[in-house]
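Okay, so here's the structure we're looking at.
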Amino acid sequence: MTSTQIPFTPVRSTSSVPPAISLMRGAQAHRQGVERLLASYRAIPAGATVRLAKRTSNLFRPRTQVSTPGLDVSGLDGVISIDAAARTADVQGMCTYENLVAATLPLGLMPLVVPQLKTITLGGAVTGLGIESTSFRSGLPHESVLELDILTGDGTVVTARPEGEHADLFAGFPNSYGSLGYATRLRIELEPVRPAVAMRHVEFTDLDELAAAIEVISTTREWDGESVDFLDGVVFSGTEAYLTLGRWSDDLTSPSDYTGAAIFYESIPARPTDVLTVHDYLWRWDTDWFWCSKTFGAQNPRVRKLWPAKYRRSDVYHRMVGLENRYGVVARIDRWRGKPARERVVQDVELPVGTAADFLRWYLDHVPMTPVWICPLRLRNGGPRGVPEAGSQPWTLYPLRAGTTYVNVGFWGMVPIEPGRADGDVNREIEAKVAELGGHKSLYSDAYYGEAEFWAAYGGQNYAALKQRYDAGSRYLDLFAKAVGRR
C-alpha cells in the first residue's frame, strides 16, 4: 500500500478549528530522524541504561536523574504521511495526539482512539496504553496499529506486524512501557468524523444501575433507541453519577465552548444535552485536566480571567506538579500551617463491569477524593489482528479478555495521611481491592506490587521470552523496575 503525503494547510485557531501546529514530515526527514536516534544509541556507553532524552512526560512514576546521555528523539515528533483514501497515517513515535489530530481533522479523519490529553504521544499511548470514550467500540490505541518500527535493546530497528517474524513483539509491545523498545514509526487506521458531537448526560442514582447501563450500551451501541458513538462518565457520589453519551452530528448551530470561563465537568449535572465541535469534544478534558486544574486555582473565576487561555492545558499543570515534587513548596506551607502530609493517589484501574459498582462503593467509602472518571472499554472486535476468540487474552502483557466489558475508573489527586498511617497505604489498599475484584491497574503512576505478584498479573512468563529475544543485554530497564522499582 502506498501512502500519499498530504500537505497540511495552516488554519487560524479558534475554539472549533484545530490549531496550526502539525509537524508534517516526509520519508527522508523521517529517515534522518531515525539516523540521529541510532547515533545517540551508539553514543551511550556499553552497559549503561538506555533512556529517552525527553523533557516532557505524562507519567507519574518517580524517575532518578542519570548523567549518561539519552536517546535523541527530536526528529521523531511529526506525521510522516496520510493516505486519506485508505484512511491510514504513518506517524512518528513521539508525535503528540495534538499534532496528529491537527493534521487529520482538516481531512475529515481522526485516530480511532484519541486519549484525553494533548501531549500524550502516539508511541506512548501504544506502549503505555491510552483510553477514551471510543474505547467501548474501538478498544485501545494499539488495536488500530497496522505495523510499527521499534528500536529494540540491541540497537536495531525491526518492523513488527500482526503476522510474521516479529508478531510476538507486536502482541507484547502494549503495556511494555519502553522496556522492550521504543516505537519510531506507527502505521495506524483512521476513521471519518462529522463536524460535531451531540451529547446526552444521563443521570444515575444507583451504581448497580449505572453498571448495567454500561453493559447494555457497550454491547448494543445504543440507548433509548438512539445510537451511541462515544461513552464515558463521571461519578460525583454514590447517588449521583452520569454517563455522557455522544453521537456524531452535523449540527453546528450553537456549539458550547469550554476553553474559556465555562468548565466542562461542571456542565454535566447542569445541562442534560450539549453539543461540541469534534475538535473541542476530543480535547474537552484537557483544558482543566479533567477537574485537576482546581488545585492550581485555575477554576476560580478571578484567577481564570487572568490565566492566559494558552496556558490552561494539561501539560502546564503537569509541569507545575513536577515543580512541586521537586521543590516541595506547597508541602512546606502545609507543614507550617499544621496540615497533615498528603499521599499522591493518581491511578487508573480497570474492573470487569460486573464488579465495577462494588469497587466504586468501596472507593467512595475509603478514599476521600471525588469526582472520578469512568470510561468503558472492550477489546476491538476486528482490526489488524482479526476477531479475537471470546475469553482469549490476545495482548501478551495486559490482562484484558475478548468479549468482556471493563470499566476504567480514574482518580487523580492527594489525600491526607491519617495518624498512624504511612505514605503509600491508600495506594496499596486500592491495588489489593482491584485485584480482589478481578481487575488491574495502569502502570503510569505509583505501584507497590511485590515482584512475584506483579509478574503474575502482567504476563511475566511471556515477558521474559520477549526480553531475552529483543533486549538480551538489558539495555532498557525491565517492566517491573520501571513500574515498581524505586529508581
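Chain labels follow the order of the C-alpha cells: the first chain is A, the next B, and so on; residue numbering restarts at 1 in every chain, and ligands are counted from 1 in their shown order.
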
Would you mind listing what lies within 10 Å of Glu240 in chain A as a list in words, with only C-alpha atoms counted and same-chain residues fewer than 3 positions away left out?
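Listing them by chain and then by number gives Glu203, Phe204, Thr205, Asp206, Leu207, Val234, Val235, Phe236, Ser237 and Pro269 of chain A.
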
Quick one: residues within 12 Å of Glu222 in chain A, only C-alpha atoms counted, chain neighbours fewer than 3 positions away excluded, as an mmCIF file with N, CA and C atoms, in the first residue's frame?
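This went into part_31.cif:
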```cif
data_model
loop_
_atom_site.group_PDB
_atom_site.id
_atom_site.type_symbol
_atom_site.label_atom_id
_atom_site.label_comp_id
_atom_site.auth_asym_id
_atom_site.auth_seq_id
_atom_site.Cartn_x
_atom_site.Cartn_y
_atom_site.Cartn_z
ATOM 1 N N PHE A 136 -15.100 1.804 24.076
ATOM 2 C CA PHE A 136 -16.123 0.764 24.195
ATOM 3 C C PHE A 136 -16.398 0.112 22.844
ATOM 4 N N ARG A 137 -16.016 0.809 21.738
ATOM 5 C CA ARG A 137 -16.237 0.239 20.403
ATOM 6 C C ARG A 137 -14.935 0.010 19.634
ATOM 7 N N ALA A 213 -26.296 -0.242 32.760
ATOM 8 C CA ALA A 213 -26.434 0.587 31.562
ATOM 9 C C ALA A 213 -25.155 0.554 30.731
ATOM 10 N N ILE A 214 -24.016 0.560 31.403
ATOM 11 C CA ILE A 214 -22.740 0.487 30.684
ATOM 12 C C ILE A 214 -22.666 -0.783 29.849
ATOM 13 N N GLU A 215 -23.071 -1.907 30.425
ATOM 14 C CA GLU A 215 -23.031 -3.167 29.688
ATOM 15 C C GLU A 215 -23.966 -3.129 28.489
ATOM 16 N N VAL A 216 -25.163 -2.597 28.658
ATOM 17 C CA VAL A 216 -26.124 -2.527 27.551
ATOM 18 C C VAL A 216 -25.579 -1.650 26.420
ATOM 19 N N ILE A 217 -25.092 -0.470 26.766
ATOM 20 C CA ILE A 217 -24.619 0.460 25.743
ATOM 21 C C ILE A 217 -23.371 -0.090 25.045
ATOM 22 N N SER A 218 -22.479 -0.715 25.822
ATOM 23 C CA SER A 218 -21.226 -1.222 25.247
ATOM 24 C C SER A 218 -21.466 -2.360 24.262
ATOM 25 N N THR A 219 -22.516 -3.109 24.467
ATOM 26 C CA THR A 219 -22.777 -4.254 23.593
ATOM 27 C C THR A 219 -23.761 -3.947 22.471
ATOM 28 N N GLY A 225 -33.092 3.925 22.109
ATOM 29 C CA GLY A 225 -33.355 3.993 20.679
ATOM 30 C C GLY A 225 -32.465 4.927 19.906
ATOM 31 N N GLU A 226 -31.447 5.498 20.535
ATOM 32 C CA GLU A 226 -30.555 6.441 19.865
ATOM 33 C C GLU A 226 -29.143 5.872 19.857
ATOM 34 N N SER A 227 -28.460 5.994 18.733
ATOM 35 C CA SER A 227 -27.119 5.434 18.618
ATOM 36 C C SER A 227 -26.143 6.153 19.547
ATOM 37 N N VAL A 228 -25.119 5.430 19.960
ATOM 38 C CA VAL A 228 -24.078 5.969 20.838
ATOM 39 C C VAL A 228 -22.731 5.722 20.170
ATOM 40 N N ASP A 229 -21.984 6.797 19.895
ATOM 41 C CA ASP A 229 -20.665 6.700 19.277
ATOM 42 C C ASP A 229 -19.538 6.969 20.265
ATOM 43 N N PHE A 230 -19.862 7.619 21.393
ATOM 44 C CA PHE A 230 -18.877 7.952 22.417
ATOM 45 C C PHE A 230 -19.502 7.678 23.784
ATOM 46 N N LEU A 231 -18.701 7.161 24.719
ATOM 47 C CA LEU A 231 -19.259 6.795 26.023
ATOM 48 C C LEU A 231 -18.208 6.957 27.112
ATOM 49 N N LEU A 245 -23.299 10.263 26.793
ATOM 50 C CA LEU A 245 -23.499 9.515 25.563
ATOM 51 C C LEU A 245 -23.358 10.482 24.396
ATOM 52 N N GLY A 246 -22.369 10.251 23.555
ATOM 53 C CA GLY A 246 -22.145 11.137 22.417
ATOM 54 C C GLY A 246 -22.482 10.452 21.111
ATOM 55 N N ARG A 247 -22.931 11.225 20.159
ATOM 56 C CA ARG A 247 -23.175 10.692 18.813
ATOM 57 C C ARG A 247 -22.741 11.747 17.814
#
```

According to DSSP computed on the backbone, where in range 179-312 of chain A is there strand (DSSP E or B)? Give the residues as a PyMOL selection string.
chain A and resi 181-192+196-204+222-223+226-227+230-237+240-249+273-277

Got a sec: who's within 10 Å of range 446-452 of chain A, counting only C-alpha atoms, leaving out chain neighbours fewer than 5 positions off, as a short mmCIF file (atom, residue, chain, number, x, y, z; two decimals) with C-alpha atoms, in the first residue's frame?
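Written out: selection.cif:
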```
data_model
loop_
_atom_site.label_atom_id
_atom_site.label_comp_id
_atom_site.auth_asym_id
_atom_site.auth_seq_id
_atom_site.Cartn_x
_atom_site.Cartn_y
_atom_site.Cartn_z
CA LEU A 59 3.92 9.58 33.69
CA PHE A 60 3.60 9.99 37.44
CA ARG A 61 6.22 7.46 38.46
CA PRO A 62 9.38 8.68 40.22
CA ARG A 344 -0.47 11.15 45.95
CA VAL A 345 -3.28 8.96 44.63
CA VAL A 346 -3.12 9.14 40.85
CA GLN A 347 -4.46 5.94 39.33
CA GLY A 424 1.53 4.66 50.08
CA ASP A 425 -1.03 2.93 52.31
CA ASN A 427 -2.48 3.11 47.02
CA ARG A 428 -1.69 -0.34 48.41
CA GLU A 429 -5.27 -0.77 49.57
CA GLU A 431 -4.24 -2.31 44.47
CA ALA A 432 -5.46 -5.06 46.79
CA LYS A 441 -4.36 -1.05 37.03
CA ALA A 457 -0.59 -10.09 36.79
CA GLY A 460 5.77 -12.40 33.33
CA PHE A 480 8.99 -4.29 36.95
CA ALA A 481 11.95 -1.96 37.51
CA LYS A 482 10.19 0.78 35.55
CA ALA A 483 6.75 0.40 37.08
CA VAL A 484 7.54 -0.50 40.68
CA GLY A 485 11.26 -0.36 41.45
CA ARG A 486 12.42 2.85 43.10
#
```

I'd like the contact shell of Thr287 in chain A - 12 Å cut-off, only C-alpha atoms, skipping same-chain residues fewer than 2 positions apart - returned as a VMD selection string.
chain A and resid 15 116 to 118 257 to 265 280 to 285 289 to 294 298 to 299 304 307 to 317
